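To be precise, the following lines are upload36.pdb, and they hold PDB, C-alpha atoms and all ligand atoms.
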```pdb
ATOM      1  CA  MET S  28      13.621  19.389  -1.657
ATOM      2  CA  ILE S  29      14.300  19.579   2.024
ATOM      3  CA  SER S  30      14.959  16.493   4.064
ATOM      4  CA  ILE S  31      13.645  16.265   7.635
ATOM      5  CA  SER S  32      14.448  13.435  10.025
ATOM      6  CA  THR S  33      12.899  14.442  13.357
ATOM      7  CA  ALA S  34       9.248  14.618  14.386
ATOM      8  CA  ALA S  35       9.779  17.972  16.121
ATOM      9  CA  GLU S  36      11.322  19.568  13.035
ATOM     10  CA  LEU S  37       8.488  18.335  10.819
ATOM     11  CA  GLN S  38       5.886  19.674  13.252
ATOM     12  CA  THR S  39       7.523  23.112  13.309
ATOM     13  CA  TYR S  40       7.804  23.171   9.526
ATOM     14  CA  VAL S  41       4.179  22.080   8.988
ATOM     15  CA  ALA S  42       2.830  24.580  11.554
ATOM     16  CA  ALA S  43       4.524  27.430   9.675
ATOM     17  CA  LYS S  44       3.085  26.282   6.334
ATOM     18  CA  LEU S  45      -0.435  25.867   7.737
ATOM     19  CA  GLN S  46      -0.146  29.338   9.259
ATOM     20  CA  ILE S  47       0.232  30.856   5.791
ATOM     21  CA  GLY S  48      -2.678  28.800   4.442
ATOM     22  CA  GLN S  49      -0.783  26.232   2.421
ATOM     23  CA  ARG S  50      -2.502  23.013   1.339
ATOM     24  CA  ILE S  51      -0.530  19.904   2.205
ATOM     25  CA  GLY S  52      -0.539  16.659   0.220
ATOM     26  CA  PHE S  53       1.060  13.618   1.823
ATOM     27  CA  VAL S  54       2.376  10.323   0.431
ATOM     28  CA  PRO S  55       3.577   7.754   2.973
ATOM     29  CA  THR S  56       5.962   5.085   1.620
ATOM     30  CA  MET S  57       8.498   2.520   2.736
ATOM     31  CA  GLY S  58      10.965   3.704   0.093
ATOM     32  CA  TYR S  59      12.796   1.837  -2.672
ATOM     33  CA  LEU S  60      10.639   3.952  -4.921
ATOM     34  CA  HIS S  61       9.219   3.044  -8.312
ATOM     35  CA  GLU S  62       6.735   4.513 -10.797
ATOM     36  CA  GLY S  63       3.802   3.353  -8.633
ATOM     37  CA  HIS S  64       5.010   5.578  -5.800
ATOM     38  CA  LEU S  65       5.842   8.445  -8.166
ATOM     39  CA  SER S  66       2.316   8.378  -9.633
ATOM     40  CA  LEU S  67       0.943   9.192  -6.177
ATOM     41  CA  MET S  68       3.391  12.081  -5.820
ATOM     42  CA  ARG S  69       2.495  13.511  -9.244
ATOM     43  CA  GLU S  70      -1.172  13.391  -8.266
ATOM     44  CA  ALA S  71      -0.357  15.112  -4.965
ATOM     45  CA  LYS S  72       1.627  17.823  -6.775
ATOM     46  CA  LYS S  73      -1.377  18.635  -8.962
ATOM     47  CA  HIS S  74      -3.705  19.432  -6.081
ATOM     48  CA  ASN S  75      -1.573  20.855  -3.254
ATOM     49  CA  ASP S  76       0.803  23.728  -2.493
ATOM     50  CA  LEU S  77       3.224  21.434  -0.728
ATOM     51  CA  VAL S  78       3.925  17.702  -1.027
ATOM     52  CA  ILE S  79       5.433  15.766   1.859
ATOM     53  CA  VAL S  80       6.662  12.198   1.281
ATOM     54  CA  SER S  81       7.685   9.921   4.118
ATOM     55  CA  ILE S  82      10.084   7.020   3.795
ATOM     56  CA  PHE S  83       9.830   4.741   6.802
ATOM     57  CA  VAL S  84      10.102   0.959   6.865
ATOM     58  CA  ASN S  85       7.589   0.437   9.632
ATOM     59  CA  PRO S  86       8.592  -2.469  11.927
ATOM     60  CA  THR S  87       5.130  -2.841  13.499
ATOM     61  CA  GLN S  88       3.501  -3.902  10.230
ATOM     62  CA  PHE S  89       5.891  -6.821   9.654
ATOM     63  CA  GLY S  90       5.277 -10.242  11.176
ATOM     64  CA  PRO S  91       8.105 -12.043  13.017
ATOM     65  CA  LYS S  92       8.913 -14.236  10.001
ATOM     66  CA  GLU S  93       8.533 -11.506   7.392
ATOM     67  CA  ASP S  94      11.120  -9.511   5.449
ATOM     68  CA  LEU S  95      11.691  -6.460   7.701
ATOM     69  CA  ASP S  96      15.470  -6.951   7.809
ATOM     70  CA  LYS S  97      15.948  -7.541   4.116
ATOM     71  CA  TYR S  98      13.372  -5.009   2.868
ATOM     72  CA  PRO S  99      15.173  -3.138   0.042
ATOM     73  CA  ARG S 100      16.548   0.298   0.830
ATOM     74  CA  ASP S 101      18.344   2.893  -1.340
ATOM     75  CA  LEU S 102      17.910   6.380   0.060
ATOM     76  CA  LYS S 103      20.292   8.044  -2.408
ATOM     77  CA  ARG S 104      18.362   6.764  -5.418
ATOM     78  CA  ASP S 105      15.030   7.532  -3.733
ATOM     79  CA  LYS S 106      16.084  11.153  -3.178
ATOM     80  CA  GLU S 107      16.907  11.534  -6.878
ATOM     81  CA  LEU S 108      13.505  10.166  -7.839
ATOM     82  CA  LEU S 109      11.759  12.472  -5.363
ATOM     83  CA  GLU S 110      13.631  15.457  -6.851
ATOM     84  CA  SER S 111      12.556  14.347 -10.343
ATOM     85  CA  VAL S 112       8.873  14.801  -9.420
ATOM     86  CA  ALA S 113       9.548  17.995  -7.443
ATOM     87  CA  VAL S 114       8.528  16.704  -4.031
ATOM     88  CA  ASP S 115       8.956  19.524  -1.495
ATOM     89  CA  VAL S 116       9.733  17.656   1.712
ATOM     90  CA  LEU S 117      11.143  14.219   2.445
ATOM     91  CA  PHE S 118      10.439  12.984   5.972
ATOM     92  CA  VAL S 119      12.808  10.145   6.761
ATOM     93  CA  PRO S 120      12.592   9.410  10.487
ATOM     94  CA  ALA S 121      14.380   6.870  12.651
ATOM     95  CA  VAL S 122      12.188   4.307  14.422
ATOM     96  CA  THR S 123      12.568   6.240  17.691
ATOM     97  CA  GLU S 124      11.010   9.346  16.103
ATOM     98  CA  ILE S 125       7.851   7.416  15.244
ATOM     99  CA  TYR S 126       7.579   5.232  18.334
ATOM    100  CA  PRO S 127       8.214   6.187  21.973
ATOM    101  CA  LEU S 128      11.780   6.286  23.172
ATOM    102  CA  ASP S 129      11.114   3.951  26.104
ATOM    103  CA  GLY S 130      10.586   1.086  23.694
ATOM    104  CA  SER S 131       6.927   0.543  24.519
ATOM    105  CA  VAL S 132       5.240   0.596  21.153
ATOM    106  CA  LYS S 133       1.503   1.021  21.515
ATOM    107  CA  VAL S 134      -0.194  -0.414  18.445
ATOM    108  CA  PHE S 135      -3.774   0.614  17.751
ATOM    109  CA  PRO S 136      -6.232  -1.931  16.392
ATOM    110  CA  ALA S 137      -7.445  -1.564  12.823
ATOM    111  CA  ASP S 138     -11.139  -1.927  11.991
ATOM    112  CA  SER S 139     -11.987  -5.606  12.446
ATOM    113  CA  LEU S 140     -14.711  -5.906   9.801
ATOM    114  CA  LEU S 141     -12.322  -4.819   7.076
ATOM    115  CA  THR S 142      -9.464  -6.969   8.319
ATOM    116  CA  VAL S 143     -11.028 -10.400   8.717
ATOM    117  CA  ALA S 144     -10.356 -11.243   5.068
ATOM    118  CA  ALA S 145      -7.326 -11.504   2.799
ATOM    119  CA  CYS S 146      -4.118  -9.938   4.174
ATOM    120  CA  GLY S 147      -5.825  -9.293   7.530
ATOM    121  CA  ASN S 148      -6.277 -13.010   7.981
ATOM    122  CA  LYS S 149      -2.893 -14.039   6.554
ATOM    123  CA  ARG S 150      -0.771 -11.366   8.242
ATOM    124  CA  PRO S 151      -2.038 -11.101  11.850
ATOM    125  CA  GLY S 152      -1.377  -7.637  13.286
ATOM    126  CA  HIS S 153      -0.277  -6.205   9.931
ATOM    127  CA  PHE S 154      -3.080  -3.661   9.617
ATOM    128  CA  ASP S 155      -2.775  -2.695  13.285
ATOM    129  CA  GLY S 156       0.805  -1.681  12.483
ATOM    130  CA  VAL S 157      -0.279   0.133   9.319
ATOM    131  CA  VAL S 158      -3.016   2.091  11.085
ATOM    132  CA  THR S 159      -0.690   2.973  13.950
ATOM    133  CA  VAL S 160       2.053   4.351  11.733
ATOM    134  CA  VAL S 161      -0.291   6.203   9.382
ATOM    135  CA  ALA S 162      -2.099   7.833  12.322
ATOM    136  CA  ARG S 163       1.256   8.968  13.741
ATOM    137  CA  LEU S 164       2.336  10.303  10.349
ATOM    138  CA  PHE S 165      -0.983  12.141   9.925
ATOM    139  CA  ASP S 166      -0.460  13.712  13.361
ATOM    140  CA  LEU S 167       2.946  14.994  12.273
ATOM    141  CA  ALA S 168       2.321  15.960   8.630
ATOM    142  CA  GLN S 169      -1.259  17.218   9.131
ATOM    143  CA  PRO S 170      -2.150  16.730   5.472
ATOM    144  CA  HIS S 171      -5.285  18.019   3.789
ATOM    145  CA  THR S 172      -5.089  15.060   1.414
ATOM    146  CA  ALA S 173      -3.186  11.771   1.573
ATOM    147  CA  TYR S 174      -2.562   9.533  -1.426
ATOM    148  CA  PHE S 175      -2.539   5.725  -1.388
ATOM    149  CA  GLY S 176      -2.197   3.125  -4.143
ATOM    150  CA  LEU S 177      -5.095   0.828  -4.946
ATOM    151  CA  LYS S 178      -2.486  -1.888  -5.375
ATOM    152  CA  ASP S 179      -2.859  -2.269  -1.596
ATOM    153  CA  TYR S 180      -6.628  -2.183  -1.854
ATOM    154  CA  GLN S 181      -7.402  -3.538   1.615
ATOM    155  CA  GLN S 182      -4.918  -1.090   3.149
ATOM    156  CA  PHE S 183      -6.639   1.780   1.311
ATOM    157  CA  LEU S 184     -10.041   0.832   2.775
ATOM    158  CA  VAL S 185      -8.626   0.288   6.273
ATOM    159  CA  ILE S 186      -6.935   3.704   6.257
ATOM    160  CA  LYS S 187     -10.021   5.428   4.864
ATOM    161  CA  LYS S 188     -12.053   3.940   7.714
ATOM    162  CA  MET S 189      -9.403   4.849  10.294
ATOM    163  CA  ALA S 190      -9.416   8.487   9.127
ATOM    164  CA  ILE S 191     -13.202   8.611   9.526
ATOM    165  CA  ASP S 192     -13.200   6.831  12.906
ATOM    166  CA  LYS S 193     -10.462   9.071  14.317
ATOM    167  CA  GLN S 194     -11.949  12.164  12.679
ATOM    168  CA  TYR S 195      -8.791  13.164  10.871
ATOM    169  CA  PRO S 196      -9.590  16.194   8.693
ATOM    170  CA  VAL S 197      -7.905  14.498   5.743
ATOM    171  CA  GLU S 198      -9.187  13.331   2.387
ATOM    172  CA  ILE S 199      -7.945   9.861   1.452
ATOM    173  CA  VAL S 200      -7.374   9.466  -2.280
ATOM    174  CA  GLY S 201      -6.878   6.080  -3.953
ATOM    175  CA  CYS S 202      -4.713   6.029  -7.103
ATOM    176  CA  PRO S 203      -4.702   3.358  -9.849
ATOM    177  CA  ILE S 204      -2.285   0.421  -9.863
ATOM    178  CA  VAL S 205       0.816   1.131 -11.941
ATOM    179  CA  ARG S 206       2.057  -1.939 -13.816
ATOM    180  CA  GLU S 207       5.144  -2.999 -15.722
ATOM    181  CA  LYS S 208       4.609  -3.254 -19.497
ATOM    182  CA  ASP S 209       3.874  -6.976 -19.215
ATOM    183  CA  GLY S 210       1.256  -6.479 -16.490
ATOM    184  CA  LEU S 211       3.128  -7.180 -13.244
ATOM    185  CA  ALA S 212       2.019  -4.688 -10.598
ATOM    186  CA  MET S 213       5.019  -2.580  -9.571
ATOM    187  CA  SER S 214       6.299  -3.330  -6.084
ATOM    188  CA  SER S 215       9.507  -2.747  -4.158
ATOM    189  CA  ARG S 216       9.482  -6.493  -3.479
ATOM    190  CA  ASN S 217       9.747  -7.319  -7.206
ATOM    191  CA  THR S 218      13.474  -6.786  -6.772
ATOM    192  CA  TYR S 219      13.620 -10.084  -4.831
ATOM    193  CA  LEU S 220      12.595 -12.055  -7.949
ATOM    194  CA  SER S 221      15.147 -14.060  -9.967
ATOM    195  CA  PRO S 222      14.781 -13.768 -13.772
ATOM    196  CA  ALA S 223      12.829 -17.063 -13.875
ATOM    197  CA  GLU S 224      10.603 -15.965 -10.981
ATOM    198  CA  ARG S 225      10.018 -12.624 -12.685
ATOM    199  CA  GLU S 226       8.502 -14.560 -15.625
ATOM    200  CA  ASP S 227       6.416 -16.691 -13.273
ATOM    201  CA  SER S 228       5.168 -13.591 -11.427
ATOM    202  CA  LEU S 229       2.976 -12.806 -14.437
ATOM    203  CA  VAL S 230       0.591 -15.458 -13.179
ATOM    204  CA  LEU S 231      -1.000 -12.872 -10.855
ATOM    205  CA  SER S 232      -1.972 -10.281 -13.454
ATOM    206  CA  CYS S 233      -2.785 -12.978 -16.056
ATOM    207  CA  ALA S 234      -5.088 -14.837 -13.676
ATOM    208  CA  LEU S 235      -6.876 -11.591 -12.817
ATOM    209  CA  ALA S 236      -7.248 -10.646 -16.486
ATOM    210  CA  MET S 237      -8.674 -14.096 -17.155
ATOM    211  CA  ALA S 238     -11.075 -13.665 -14.225
ATOM    212  CA  LYS S 239     -12.334 -10.413 -15.666
ATOM    213  CA  GLN S 240     -13.089 -12.122 -18.970
ATOM    214  CA  LEU S 241     -14.846 -14.991 -17.228
ATOM    215  CA  ALA S 242     -16.958 -12.546 -15.236
ATOM    216  CA  ALA S 243     -17.929 -10.756 -18.447
ATOM    217  CA  GLN S 244     -19.035 -14.136 -19.810
ATOM    218  CA  GLY S 245     -21.277 -14.569 -16.760
ATOM    219  CA  LEU S 246     -19.396 -17.408 -15.050
ATOM    220  CA  PRO S 247     -20.441 -17.765 -11.368
ATOM    221  CA  LEU S 248     -17.997 -16.287  -8.842
ATOM    222  CA  PRO S 249     -17.005 -19.637  -7.220
ATOM    223  CA  ASP S 250     -16.054 -20.959 -10.671
ATOM    224  CA  ILE S 251     -14.014 -17.846 -11.367
ATOM    225  CA  ARG S 252     -12.232 -18.332  -8.061
ATOM    226  CA  GLN S 253     -11.500 -21.962  -8.946
ATOM    227  CA  ALA S 254     -10.092 -20.912 -12.333
ATOM    228  CA  ILE S 255      -7.641 -18.601 -10.561
ATOM    229  CA  VAL S 256      -6.616 -21.364  -8.137
ATOM    230  CA  GLU S 257      -5.896 -23.661 -11.084
ATOM    231  CA  ALA S 258      -3.976 -21.002 -13.021
ATOM    232  CA  VAL S 259      -1.674 -20.487 -10.026
ATOM    233  CA  GLN S 260      -1.248 -24.248  -9.531
ATOM    234  CA  GLU S 261       0.080 -24.551 -13.073
ATOM    235  CA  VAL S 262       3.151 -22.448 -12.262
ATOM    236  CA  ALA S 263       5.822 -24.479 -10.489
ATOM    237  CA  SER S 264       7.357 -21.649  -8.427
ATOM    238  CA  ALA S 265       3.945 -20.236  -7.437
ATOM    239  CA  ARG S 266       2.068 -21.014  -4.237
ATOM    240  CA  LEU S 267      -1.328 -19.471  -3.600
ATOM    241  CA  ASP S 268      -1.606 -17.565  -0.310
ATOM    242  CA  TYR S 269      -5.218 -16.538  -0.885
ATOM    243  CA  VAL S 270      -7.691 -15.559  -3.547
ATOM    244  CA  GLU S 271     -10.850 -13.912  -2.289
ATOM    245  CA  ILE S 272     -13.778 -12.447  -4.174
ATOM    246  CA  LEU S 273     -15.404  -9.847  -1.953
ATOM    247  CA  SER S 274     -17.560  -6.756  -1.805
ATOM    248  CA  SER S 275     -15.291  -3.909  -2.922
ATOM    249  CA  GLU S 276     -16.810  -1.695  -0.223
ATOM    250  CA  THR S 277     -17.017  -3.900   2.863
ATOM    251  CA  LEU S 278     -14.635  -6.769   1.978
ATOM    252  CA  GLN S 279     -17.344  -9.167   3.080
ATOM    253  CA  PRO S 280     -18.165 -12.251   0.981
ATOM    254  CA  VAL S 281     -20.532 -11.651  -1.935
ATOM    255  CA  GLU S 282     -23.080 -14.045  -3.374
ATOM    256  CA  ASN S 283     -23.721 -12.387  -6.703
ATOM    257  CA  TYR S 284     -21.742 -10.442  -9.225
ATOM    258  CA  VAL S 285     -22.730  -6.778  -9.305
ATOM    259  CA  PRO S 286     -20.465  -4.920 -11.765
ATOM    260  CA  GLY S 287     -18.207  -2.382 -10.024
ATOM    261  CA  GLN S 288     -18.953  -3.719  -6.548
ATOM    262  CA  VAL S 289     -16.842  -6.868  -6.519
ATOM    263  CA  ILE S 290     -13.088  -7.107  -6.024
ATOM    264  CA  ILE S 291     -10.750 -10.042  -6.410
ATOM    265  CA  LEU S 292      -7.856  -9.903  -3.956
ATOM    266  CA  LEU S 293      -4.934 -12.192  -4.728
ATOM    267  CA  ALA S 294      -1.708 -13.055  -2.876
ATOM    268  CA  VAL S 295       0.781 -15.528  -4.309
ATOM    269  CA  TYR S 296       4.239 -16.610  -3.228
ATOM    270  CA  ILE S 297       6.646 -16.746  -6.155
ATOM    271  CA  GLY S 298       9.475 -18.723  -4.611
ATOM    272  CA  LYS S 299       9.958 -16.956  -1.279
ATOM    273  CA  THR S 300       8.551 -13.624  -2.460
ATOM    274  CA  ARG S 301       4.974 -12.815  -1.573
ATOM    275  CA  LEU S 302       3.220 -10.657  -4.174
ATOM    276  CA  ILE S 303      -0.274  -9.158  -4.099
ATOM    277  CA  ASP S 304      -2.550  -7.857  -6.812
ATOM    278  CA  ASN S 305      -6.235  -7.161  -7.254
ATOM    279  CA  MET S 306      -8.873  -6.470  -9.844
ATOM    280  CA  LEU S 307     -12.175  -4.666  -9.570
ATOM    281  CA  LEU S 308     -14.761  -6.623 -11.538
TER
HETATM  282  P1  LIG S 401       4.925   0.977   0.042
HETATM  283  O1  LIG S 401       6.205   1.720  -0.097
HETATM  284  O2  LIG S 401       4.927  -0.372  -0.590
HETATM  285  O3  LIG S 401       4.404   0.996   1.462
HETATM  286  O4  LIG S 401       3.852   1.798  -0.804
HETATM  287  C1  LIG S 401       3.606   3.158  -0.558
HETATM  288  C2  LIG S 401       2.376   3.579  -1.320
HETATM  289  O5  LIG S 401       2.572   3.345  -2.711
HETATM  290  C3  LIG S 401       1.129   2.775  -0.921
HETATM  291  O6  LIG S 401       0.013   3.634  -0.889
HETATM  292  C4  LIG S 401       1.022   1.773  -2.044
HETATM  293  O7  LIG S 401      -0.301   1.307  -2.257
HETATM  294  C5  LIG S 401       1.495   2.597  -3.228
HETATM  295  N1  LIG S 401       1.932   1.722  -4.316
HETATM  296  C6  LIG S 401       2.842   0.721  -4.257
HETATM  297  N2  LIG S 401       2.938   0.089  -5.441
HETATM  298  C7  LIG S 401       2.055   0.693  -6.272
HETATM  299  C8  LIG S 401       1.667   0.502  -7.638
HETATM  300  N3  LIG S 401       2.199  -0.454  -8.391
HETATM  301  N4  LIG S 401       0.741   1.321  -8.161
HETATM  302  C9  LIG S 401       0.168   2.290  -7.394
HETATM  303  N5  LIG S 401       0.489   2.536  -6.113
HETATM  304  C10 LIG S 401       1.416   1.749  -5.560
END
```
Let me see whether you can do it: turn the structure in this file into structure tokens.
Amino acid sequence: MISISTAAELQTYVAAKLQIGQRIGFVPTMGYLHEGHLSLMREAKKHNDLVIVSIFVNPTQFGPKEDLDKYPRDLKRDKELLESVAVDVLFVPAVTEIYPLDGSVKVFPADSLLTVAACGNKRPGHFDGVVTVVARLFDLAQPHTAYFGLKDYQQFLVIKKMAIDKQYPVEIVGCPIVREKDGLAMSSRNTYLSPAEREDSLVLSCALAMAKQLAAQGLPLPDIRQAIVEAVQEVASARLDYVEILSSETLQPVENYVPGQVIILLAVYIGKTRLIDNMLL
């Protein structure tokens, strides 16, 4: 694996590979890698000549009171994991390589229809930061295909729409949520959890599994939503940030349950750690 830290070097490298007709797969991450990340890289390896992974903790997608400064980082361990799945190129830029040197960061707005709900509502500006960094990374890596986890379902839709709007010649692939054995969706932020909080964190996946059963029994969507609210309330360390039941395509509210077209998006604070999960009904 080669490691590249400047935008110019990545551009030169990519231009040479495109020249000889290589197909590029790209996986953007914020590092502190786990099996969820590695699943995207394995998928990318299957379908491309060359896999580029970026590790960049993007400041513009964090709110002022969020965890930018304490976001977990371990580049040495990440490099070993990247080698283990035979990633070809690691792009690990400094902030100044991604954003202009004069300090004026121009953030592009994300699509507003997809960002009114859920994390868009609770984390103002978050998706603007995501779209801005992903567009910049697409410009540099010029991938044929880019791989994103459905764990961040709203992010996946926002990026898919951005690629269409900006006419990036890239296919956006969504990969399934990878979970711990007990059901907790893998996340770099799980490392913040104390042992007791780790137990309590199961409320997210359990509430979603319960919701799926209730939907299969034909319970109306508002009642399903209420059941999730109550399940979260039962856990002392848990505080609901949002639970929304939306169209899985448009993220607009839905009246009726149409199988395969409804998604439950859930965000819960466990202590101070904010976790998200989702379930397609
Ligand atoms: P992050 O480093 O959290 O920005 O995540 C980088 C990519 O990995 C994003 O596309 C995430 O959706 C994806 N990802 C994170 N956790 C998981 C997971 N548990 N399963 C599948 N993909 C994931």
Throw together the list of residues within 10 Å of ligand LIG 401 (chain S), counting all atoms listed in the file, and drop it here as a PDB file with C-alpha atoms, in the frame of the given file.
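Wrote pocket02.pdb, looks like this:
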```
ATOM      1  CA  VAL S  54       2.376  10.323   0.431  1.00  0.00           C
ATOM      2  CA  PRO S  55       3.577   7.754   2.973  1.00  0.00           C
ATOM      3  CA  THR S  56       5.962   5.085   1.620  1.00  0.00           C
ATOM      4  CA  MET S  57       8.498   2.520   2.736  1.00  0.00           C
ATOM      5  CA  GLY S  58      10.965   3.704   0.093  1.00  0.00           C
ATOM      6  CA  TYR S  59      12.796   1.837  -2.672  1.00  0.00           C
ATOM      7  CA  LEU S  60      10.639   3.952  -4.921  1.00  0.00           C
ATOM      8  CA  HIS S  61       9.219   3.044  -8.312  1.00  0.00           C
ATOM      9  CA  GLU S  62       6.735   4.513 -10.797  1.00  0.00           C
ATOM     10  CA  GLY S  63       3.802   3.353  -8.633  1.00  0.00           C
ATOM     11  CA  HIS S  64       5.010   5.578  -5.800  1.00  0.00           C
ATOM     12  CA  LEU S  65       5.842   8.445  -8.166  1.00  0.00           C
ATOM     13  CA  SER S  66       2.316   8.378  -9.633  1.00  0.00           C
ATOM     14  CA  LEU S  67       0.943   9.192  -6.177  1.00  0.00           C
ATOM     15  CA  MET S  68       3.391  12.081  -5.820  1.00  0.00           C
ATOM     16  CA  VAL S  80       6.662  12.198   1.281  1.00  0.00           C
ATOM     17  CA  SER S  81       7.685   9.921   4.118  1.00  0.00           C
ATOM     18  CA  ILE S  82      10.084   7.020   3.795  1.00  0.00           C
ATOM     19  CA  PHE S  83       9.830   4.741   6.802  1.00  0.00           C
ATOM     20  CA  VAL S  84      10.102   0.959   6.865  1.00  0.00           C
ATOM     21  CA  ASN S  85       7.589   0.437   9.632  1.00  0.00           C
ATOM     22  CA  VAL S 157      -0.279   0.133   9.319  1.00  0.00           C
ATOM     23  CA  ALA S 173      -3.186  11.771   1.573  1.00  0.00           C
ATOM     24  CA  TYR S 174      -2.562   9.533  -1.426  1.00  0.00           C
ATOM     25  CA  PHE S 175      -2.539   5.725  -1.388  1.00  0.00           C
ATOM     26  CA  GLY S 176      -2.197   3.125  -4.143  1.00  0.00           C
ATOM     27  CA  LEU S 177      -5.095   0.828  -4.946  1.00  0.00           C
ATOM     28  CA  LYS S 178      -2.486  -1.888  -5.375  1.00  0.00           C
ATOM     29  CA  ASP S 179      -2.859  -2.269  -1.596  1.00  0.00           C
ATOM     30  CA  TYR S 180      -6.628  -2.183  -1.854  1.00  0.00           C
ATOM     31  CA  GLN S 181      -7.402  -3.538   1.615  1.00  0.00           C
ATOM     32  CA  GLN S 182      -4.918  -1.090   3.149  1.00  0.00           C
ATOM     33  CA  PHE S 183      -6.639   1.780   1.311  1.00  0.00           C
ATOM     34  CA  ILE S 186      -6.935   3.704   6.257  1.00  0.00           C
ATOM     35  CA  VAL S 200      -7.374   9.466  -2.280  1.00  0.00           C
ATOM     36  CA  GLY S 201      -6.878   6.080  -3.953  1.00  0.00           C
ATOM     37  CA  CYS S 202      -4.713   6.029  -7.103  1.00  0.00           C
ATOM     38  CA  PRO S 203      -4.702   3.358  -9.849  1.00  0.00           C
ATOM     39  CA  ILE S 204      -2.285   0.421  -9.863  1.00  0.00           C
ATOM     40  CA  VAL S 205       0.816   1.131 -11.941  1.00  0.00           C
ATOM     41  CA  ARG S 206       2.057  -1.939 -13.816  1.00  0.00           C
ATOM     42  CA  GLU S 207       5.144  -2.999 -15.722  1.00  0.00           C
ATOM     43  CA  LEU S 211       3.128  -7.180 -13.244  1.00  0.00           C
ATOM     44  CA  ALA S 212       2.019  -4.688 -10.598  1.00  0.00           C
ATOM     45  CA  MET S 213       5.019  -2.580  -9.571  1.00  0.00           C
ATOM     46  CA  SER S 214       6.299  -3.330  -6.084  1.00  0.00           C
ATOM     47  CA  SER S 215       9.507  -2.747  -4.158  1.00  0.00           C
ATOM     48  CA  ARG S 216       9.482  -6.493  -3.479  1.00  0.00           C
ATOM     49  CA  ILE S 303      -0.274  -9.158  -4.099  1.00  0.00           C
ATOM     50  CA  ASP S 304      -2.550  -7.857  -6.812  1.00  0.00           C
TER      51      ASP S 304
END
```
**Request:** Would you work out the distance separating atom CA of S:Leu267 from atom CA of S:Val295, expressed in Å to one decimal?
**Result:**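 If I compute the distance from atom CA of S:Leu267 to atom CA of S:Val295, I get 4.5 Å.
The gap separating atom CA of S:Ile79 from atom CA of S:Leu108 is 13.8 Å, in Å to one decimal.
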Quiz prompt | Nearest candidate to S:Gly48 (options S:Lys133, S:His171, S:Lys187, S:Lys72; using all atoms listed in the file) | solution =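 Going through S:Lys133, S:His171, S:Lys187, S:Lys72 one by one, the smallest distance to S:Gly48 is for S:His171.
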Apply the PyMOL selection byres (((chain S and resi 269) around 9) and not hetatm) to the file shown and report the selected residues as a tab-separated table (two decimals) with C-alpha atoms, in the frame of the given file.
```tsv
chain	number	residue	atom	x	y	z
S	145	ALA	CA	-7.33	-11.50	2.80
S	146	CYS	CA	-4.12	-9.94	4.17
S	149	LYS	CA	-2.89	-14.04	6.55
S	256	VAL	CA	-6.62	-21.36	-8.14
S	267	LEU	CA	-1.33	-19.47	-3.60
S	268	ASP	CA	-1.61	-17.57	-0.31
S	270	VAL	CA	-7.69	-15.56	-3.55
S	271	GLU	CA	-10.85	-13.91	-2.29
S	292	LEU	CA	-7.86	-9.90	-3.96
S	293	LEU	CA	-4.93	-12.19	-4.73
S	294	ALA	CA	-1.71	-13.06	-2.88
S	295	VAL	CA	0.78	-15.53	-4.31
```
S:Phe135 proximity check over S:Thr300, S:Thr87, S:Gln169, S:Ser264, using only C-alpha atoms: winner is S:Thr87
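Between atom CA of S:Glu124 and atom CA of S:Arg104 the separation is 22.9 Å.
Residue nearest S:Val41 within the list S:Val161, S:Ala234, S:Leu167, S:Ala113: S:Leu167 [criterion: smallest interatomic distance, only C-alpha atoms].
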Using only C-alpha atoms, the shortest atom-to-atom distance to S:Val197 among S:Ile51, S:Leu235, S:Ile255, S:Val143 belongs to S:Ile51
Calculated over only C-alpha atoms, which of the candidates S:Ala71, S:Ala254, S:Ala190, S:Ala238 has the smallest distance to S:Thr172?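 Checking each of S:Ala71, S:Ala254, S:Ala190, S:Ala238 against S:Thr172, counting only C-alpha atoms, the winner is S:Ala71.
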Using the chain letters and numbers from the file, which residues does the PyMOL selection byres (((chain S and resi 236) around 12) and not hetatm) grab, as a CSV table (one decimal) with C-alpha atoms, in the frame of the given file?
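File produced: out-v2.csv:
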```csv
chain,number,residue,atom,x,y,z
S,210,GLY,CA,1.3,-6.5,-16.5
S,211,LEU,CA,3.1,-7.2,-13.2
S,229,LEU,CA,3.0,-12.8,-14.4
S,230,VAL,CA,0.6,-15.5,-13.2
S,231,LEU,CA,-1.0,-12.9,-10.9
S,232,SER,CA,-2.0,-10.3,-13.5
S,233,CYS,CA,-2.8,-13.0,-16.1
S,234,ALA,CA,-5.1,-14.8,-13.7
S,235,LEU,CA,-6.9,-11.6,-12.8
S,237,MET,CA,-8.7,-14.1,-17.2
S,238,ALA,CA,-11.1,-13.7,-14.2
S,239,LYS,CA,-12.3,-10.4,-15.7
S,240,GLN,CA,-13.1,-12.1,-19.0
S,241,LEU,CA,-14.8,-15.0,-17.2
S,242,ALA,CA,-17.0,-12.5,-15.2
S,243,ALA,CA,-17.9,-10.8,-18.4
S,251,ILE,CA,-14.0,-17.8,-11.4
S,254,ALA,CA,-10.1,-20.9,-12.3
S,255,ILE,CA,-7.6,-18.6,-10.6
S,258,ALA,CA,-4.0,-21.0,-13.0
S,291,ILE,CA,-10.8,-10.0,-6.4
S,304,ASP,CA,-2.6,-7.9,-6.8
S,305,ASN,CA,-6.2,-7.2,-7.3
S,306,MET,CA,-8.9,-6.5,-9.8
S,307,LEU,CA,-12.2,-4.7,-9.6
S,308,LEU,CA,-14.8,-6.6,-11.5
```
Quick check on the file I pasted: which residues fall under the PyMOL selection byres (((chain S and resi 30) around 9) and not hetatm)? Write them as an MDAnalysis selection string. chainID S and resid 28:29 31:32 115:119
| request: Considering only C-alpha atoms, state which residue in the set S:Arg163, S:Val185, S:Pro286, S:Pro86 is at the smallest distance from S:Gly245. | output: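 Residue with the minimum atom-to-atom distance to S:Gly245: S:Pro286.
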